[in-house]
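Student: The following block contains the structure, expressed as structure tokens.
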Amino acid sequence: MFCKSPRPLLLGLLLGWVATGAQAGSQPPGFTPSDLEEWERESFHDLTRYLSVQAGNTAVLFAQTQGAASGLVWEGQVDLAATPWLHWCWQVSNTYPGIDETTREGDDYPARLYVVASTGFFRWQVQALNYVWASEQPQGSAWPSAFTERAHLLALRSGPTEINRWLPESRHLQKDFARYFNNSDPQIQALAIMTDADNTGREAEAWYSRLHLSATGEHPGCPSHPAENQ
């Protein structure tokens with residue numbers, strides 16, 4: 001079981017997220033009620049609420065935290081030669097103004113997506129990229145984790161100006177691991193979603209949609225309707 005408060009090294013938390021026999025080239029599950037059974041729930045501190053809701057005809061993931069931090073984890077060996085691009089859509093209800101995300105005390109995000117790669121035989125030999133919706137760090141900025149040099153955070157969105165609407169994201173995983181870890185051949189073993197607020201004691205809601213690995217950088221598009229619980 002993971003523990004986040006008091007929090008050990010982030011990579012220690014990620015060890016359980018590294019697959020030991022998943023099928024190469026697989027895709028992460030969707031967000032229908034049955035799909036969610038394929039995601040493993042891991043708790044850091046109390047439980048973020050996750051459930052499937054509809055956005056028009058699309059099943060999306062709703063996350064709600066009240067000072068809690070838990071995540072959903074999918075384990076699978078990704079064939080980056082065939083599918084180097086990761087696409088998804090997300091939105092948040094609010095951010096956490098006044099925090100410093102480069103510190104341990106400020107390591108909370110209304111929305112984040114982990115990508116975990118194995119770098120050796122031992123389970124502790126991993127690297128993790130965190131794509132986050134930041135509150136104070138500028139959009140486009142990147143910084144090392146306050147817990148370990150084996151994790152790096154990238155602020156794809158920042159602040160409240162784009163809240164409450166679907167926004168698309170596309171990342172070339174090989175290029176990102178090469179840039180931030182000097183690793184041009186990352187062995188992706190896990191993806192994880194987390195909406196957390198345990199350090200700051202804040203509240204937030206987030207929605208995630210259409211998490212998909214692809215051969216091209218063309219985004220498949222976001223839902224055209226708001227989620228039913230907005």
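As shown in the structure tokens, the chain order sets the letters A, B, ...; within each chain, residues go from 1, and ligands are also counted from 1 in the order they appear.
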Looking only at the backbone, which of the residues in range 37-135 of chain A does DSSP tag as strand (DSSP E), as a ChimeraX atom specification?
Tutor: /A:40-45,49-55,58-66,69-75,85-92,111-118,126-134
Student: Excluding range 217-224 of chain A and residues on its chain fewer than 4 positions from it, collect all residues at most 10 Å away from it, counting only C-alpha atoms, and give them as a list in words.
Tutor: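 Result of the neighbour search: Gln54, Ala55, Gly56, Asn57, Thr58, Ala59, Val60, Thr83, Pro84, Trp85, Leu86, His87, Trp88, Cys89, Trp90, Arg165, Trp166, Leu167, Pro168, Glu169, Ser170, Arg171, His172, Tyr208, Ser209, Arg210, Leu211, His212 and Leu213 of chain A.
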Student: Work out how far apart CA of Thr119 in chain A and CA of Leu36 in chain A are and give it in Å to one decimal.
Tutor: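 Computing it gives 28.1 Å between the two atoms.
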Student: I'd like the contact shell of Arg41 in chain A - 7 Å cut-off, only C-alpha atoms, skipping same-chain residues fewer than 4 positions apart - returned as a short mmCIF file (atom, residue, chain, number, x, y, z; two decimals) with N, CA and C atoms, in the first residue's frame.
Tutor:
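Saved result, out07.cif, follows:
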```cif
data_model
loop_
_atom_site.label_atom_id
_atom_site.label_comp_id
_atom_site.auth_asym_id
_atom_site.auth_seq_id
_atom_site.Cartn_x
_atom_site.Cartn_y
_atom_site.Cartn_z
N GLY A 71 -4.86 7.43 -6.35
CA GLY A 71 -4.78 7.42 -7.80
C GLY A 71 -5.30 6.15 -8.41
N LEU A 72 -5.44 6.19 -9.73
CA LEU A 72 -5.80 5.02 -10.52
C LEU A 72 -4.61 4.65 -11.39
N VAL A 73 -4.24 3.38 -11.39
CA VAL A 73 -3.04 2.92 -12.05
C VAL A 73 -3.37 1.86 -13.08
#
```
Student: Calculate how many Å separate CA of Ala142 in chain A from CA of Asp198 in chain A, rounding to one decimal.
Tutor: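 Atom-to-atom, CA of Ala142 in chain A to CA of Asp198 in chain A, that is 21.9 Å.
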Student: Got a sec: who's within 10 Å of Leu153 in chain A, counting only C-alpha atoms, leaving out chain neighbours fewer than 3 positions off, as a ChimeraX atom specification?
Tutor: /A:101-102,112-114,128-132,134,141-146,156,180
Student: Can I get the selection written as a compact mmCIF listing (two decimals), in the first residue's frame, with N, CA and C atoms?
Tutor:
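The new file out.txt reads:
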```txt
# COMPACT_ATOMS: atom_id res chain seq x y z
N GLU A 101 4.64 24.62 -5.84
CA GLU A 101 4.65 23.23 -6.28
C GLU A 101 6.04 22.62 -6.35
N THR A 102 7.08 23.42 -6.22
CA THR A 102 8.43 22.88 -6.23
C THR A 102 8.86 22.34 -4.87
N ARG A 112 -3.35 15.38 -12.64
CA ARG A 112 -2.01 14.97 -13.05
C ARG A 112 -2.06 13.58 -13.67
N LEU A 113 -1.08 13.35 -14.54
CA LEU A 113 -0.94 12.06 -15.22
C LEU A 113 0.51 11.63 -15.12
N TYR A 114 0.73 10.47 -14.50
CA TYR A 114 2.07 9.89 -14.40
C TYR A 114 2.34 8.98 -15.59
N ALA A 128 9.93 8.69 -13.72
CA ALA A 128 8.52 9.07 -13.84
C ALA A 128 8.39 10.51 -14.31
N LEU A 129 7.61 10.68 -15.38
CA LEU A 129 7.18 12.01 -15.79
C LEU A 129 5.80 12.28 -15.22
N ASN A 130 5.62 13.47 -14.68
CA ASN A 130 4.32 13.92 -14.17
C ASN A 130 3.84 15.07 -15.04
N TYR A 131 2.81 14.83 -15.84
CA TYR A 131 2.18 15.92 -16.58
C TYR A 131 1.08 16.49 -15.67
N VAL A 132 1.17 17.77 -15.36
CA VAL A 132 0.30 18.33 -14.33
C VAL A 132 -0.43 19.57 -14.82
N ALA A 134 -0.90 22.81 -13.21
CA ALA A 134 -0.31 23.53 -12.09
C ALA A 134 -1.22 24.66 -11.62
N SER A 141 6.49 25.26 -18.00
CA SER A 141 7.66 25.08 -17.14
C SER A 141 7.82 23.63 -16.73
N ALA A 142 9.02 23.28 -16.30
CA ALA A 142 9.32 21.93 -15.84
C ALA A 142 10.30 22.02 -14.68
N TRP A 143 10.20 21.08 -13.74
CA TRP A 143 11.06 21.10 -12.57
C TRP A 143 11.17 19.70 -11.99
N PRO A 144 12.28 19.41 -11.31
CA PRO A 144 12.45 18.09 -10.70
C PRO A 144 11.55 17.95 -9.47
N SER A 145 11.18 16.73 -9.19
CA SER A 145 10.39 16.46 -8.00
C SER A 145 11.16 16.88 -6.76
N ALA A 146 10.43 17.38 -5.76
CA ALA A 146 11.05 17.73 -4.48
C ALA A 146 11.42 16.49 -3.68
N LEU A 156 1.61 21.40 -18.07
CA LEU A 156 0.99 21.56 -19.38
C LEU A 156 -0.07 22.65 -19.36
N TYR A 180 14.13 15.05 -20.57
CA TYR A 180 14.17 15.27 -19.12
C TYR A 180 14.96 14.22 -18.36
```
Student: Using backbone DSSP assignments, extract all alpha helix (DSSP H) residues from chain A; output them as a list in words.
Tutor: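 Residues meeting the alpha helix (DSSP H) criterion: Leu10, Leu11, Gly12, Leu13, Leu14, Pro33, Ser34, Asp35, Leu36, Leu173, Gln174, Lys175, Asp176, Phe177, Ala178, Arg179, Tyr180 and Phe181 of chain A.
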Student: Under the rule that only C-alpha atoms are counted, which of A:Thr161, A:Gln230, A:Asn183, A:Gln27 is the nearest residue to Ser214 in chain A?
Tutor: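 Selected residue with least distance to Ser214 in chain A: A:Gln27.
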Student: Report the distance between CA of Asp100 in chain A and CA of Ile188 in chain A in Å, rounded to one decimal place.
Tutor: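 Separation between CA of Asp100 in chain A and CA of Ile188 in chain A: 28.9 Å.
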Student: Compile the contact shell of Thr200 in chain A as a list of chain:residue names: residues with an atom at most 12 Å away, counting only C-alpha atoms, same-chain residues fewer than 4 positions apart removed.
Tutor: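 The residues satisfying every condition are A:Ser5, A:Thr65, A:Gln66, A:Gly67, A:Ala68, A:Ala69, A:Thr95, A:Tyr96, A:Pro97, A:Gly98, A:Ile99, A:Asp100, A:Glu101, A:Thr103, A:Arg104, A:Glu105, A:Gly106, A:Asp107, A:Asp108, A:Tyr109, A:Pro110, A:Ser135, A:Asp196, A:Ala204.
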Student: Can those selected residues be exported to a file as a short mmCIF file (atom, residue, chain, number, x, y, z; two decimals), in the first residue's frame so that it contains N, CA and C atoms?
Tutor:
```cif
data_model
loop_
_atom_site.label_atom_id
_atom_site.label_comp_id
_atom_site.auth_asym_id
_atom_site.auth_seq_id
_atom_site.Cartn_x
_atom_site.Cartn_y
_atom_site.Cartn_z
N SER A 5 1.62 10.61 3.30
CA SER A 5 1.76 11.58 4.37
C SER A 5 1.89 10.86 5.72
N THR A 65 -11.51 15.46 -4.94
CA THR A 65 -10.70 15.36 -3.74
C THR A 65 -11.10 16.42 -2.73
N GLN A 66 -11.09 16.03 -1.48
CA GLN A 66 -11.27 16.93 -0.35
C GLN A 66 -10.14 16.64 0.63
N GLY A 67 -8.98 17.20 0.35
CA GLY A 67 -7.81 16.97 1.18
C GLY A 67 -7.27 15.56 1.10
N ALA A 68 -7.59 14.84 0.04
CA ALA A 68 -7.19 13.44 -0.11
C ALA A 68 -6.26 13.27 -1.30
N ALA A 69 -5.63 12.10 -1.34
CA ALA A 69 -4.75 11.76 -2.47
C ALA A 69 -4.76 10.26 -2.69
N THR A 95 -8.03 25.64 -9.26
CA THR A 95 -6.64 25.34 -8.91
C THR A 95 -6.41 25.75 -7.46
N TYR A 96 -5.14 25.68 -7.01
CA TYR A 96 -4.80 25.94 -5.61
C TYR A 96 -3.89 27.17 -5.53
N PRO A 97 -4.44 28.37 -5.51
CA PRO A 97 -3.60 29.57 -5.52
C PRO A 97 -2.75 29.68 -4.25
N GLY A 98 -1.55 30.23 -4.45
CA GLY A 98 -0.68 30.53 -3.32
C GLY A 98 0.25 29.42 -2.89
N ILE A 99 0.25 28.28 -3.59
CA ILE A 99 1.14 27.19 -3.19
C ILE A 99 2.44 27.24 -3.99
N ASP A 100 3.45 26.54 -3.50
CA ASP A 100 4.72 26.41 -4.21
C ASP A 100 4.89 24.94 -4.58
N GLU A 101 4.64 24.62 -5.84
CA GLU A 101 4.65 23.23 -6.28
C GLU A 101 6.04 22.62 -6.35
N THR A 103 8.01 22.50 -3.86
CA THR A 103 8.30 22.01 -2.52
C THR A 103 7.44 20.79 -2.20
N ARG A 104 7.85 20.06 -1.17
CA ARG A 104 7.05 18.92 -0.75
C ARG A 104 5.68 19.36 -0.23
N GLU A 105 5.64 20.49 0.44
CA GLU A 105 4.38 20.98 0.99
C GLU A 105 3.40 21.41 -0.09
N GLY A 106 3.90 21.75 -1.26
CA GLY A 106 3.04 22.22 -2.33
C GLY A 106 2.81 21.23 -3.44
N ASP A 107 3.17 19.98 -3.22
CA ASP A 107 3.08 18.97 -4.28
C ASP A 107 1.65 18.42 -4.39
N ASP A 108 0.73 19.29 -4.78
CA ASP A 108 -0.68 18.93 -5.01
C ASP A 108 -1.12 19.50 -6.35
N TYR A 109 -1.97 18.74 -7.05
CA TYR A 109 -2.44 19.17 -8.36
C TYR A 109 -3.89 18.75 -8.54
N PRO A 110 -4.73 19.64 -9.07
CA PRO A 110 -6.11 19.24 -9.34
C PRO A 110 -6.19 18.15 -10.40
N SER A 135 -0.95 25.11 -10.41
CA SER A 135 -1.67 26.26 -9.87
C SER A 135 -0.86 27.54 -9.99
N ASP A 196 -5.14 15.30 -6.42
CA ASP A 196 -4.76 15.24 -5.01
C ASP A 196 -4.72 16.61 -4.36
N ALA A 204 -10.93 20.00 -4.97
CA ALA A 204 -10.97 20.19 -6.42
C ALA A 204 -11.73 19.04 -7.06
#
```
Student: Tell me which protein, DNA and RNA residues are within 8 Å of Arg150 in chain A, counting only C-alpha atoms, leaving out same-chain ones fewer than 2 positions away, and put them as a ChimeraX atom specification.
Tutor: /A:11,126-128,145,148,152
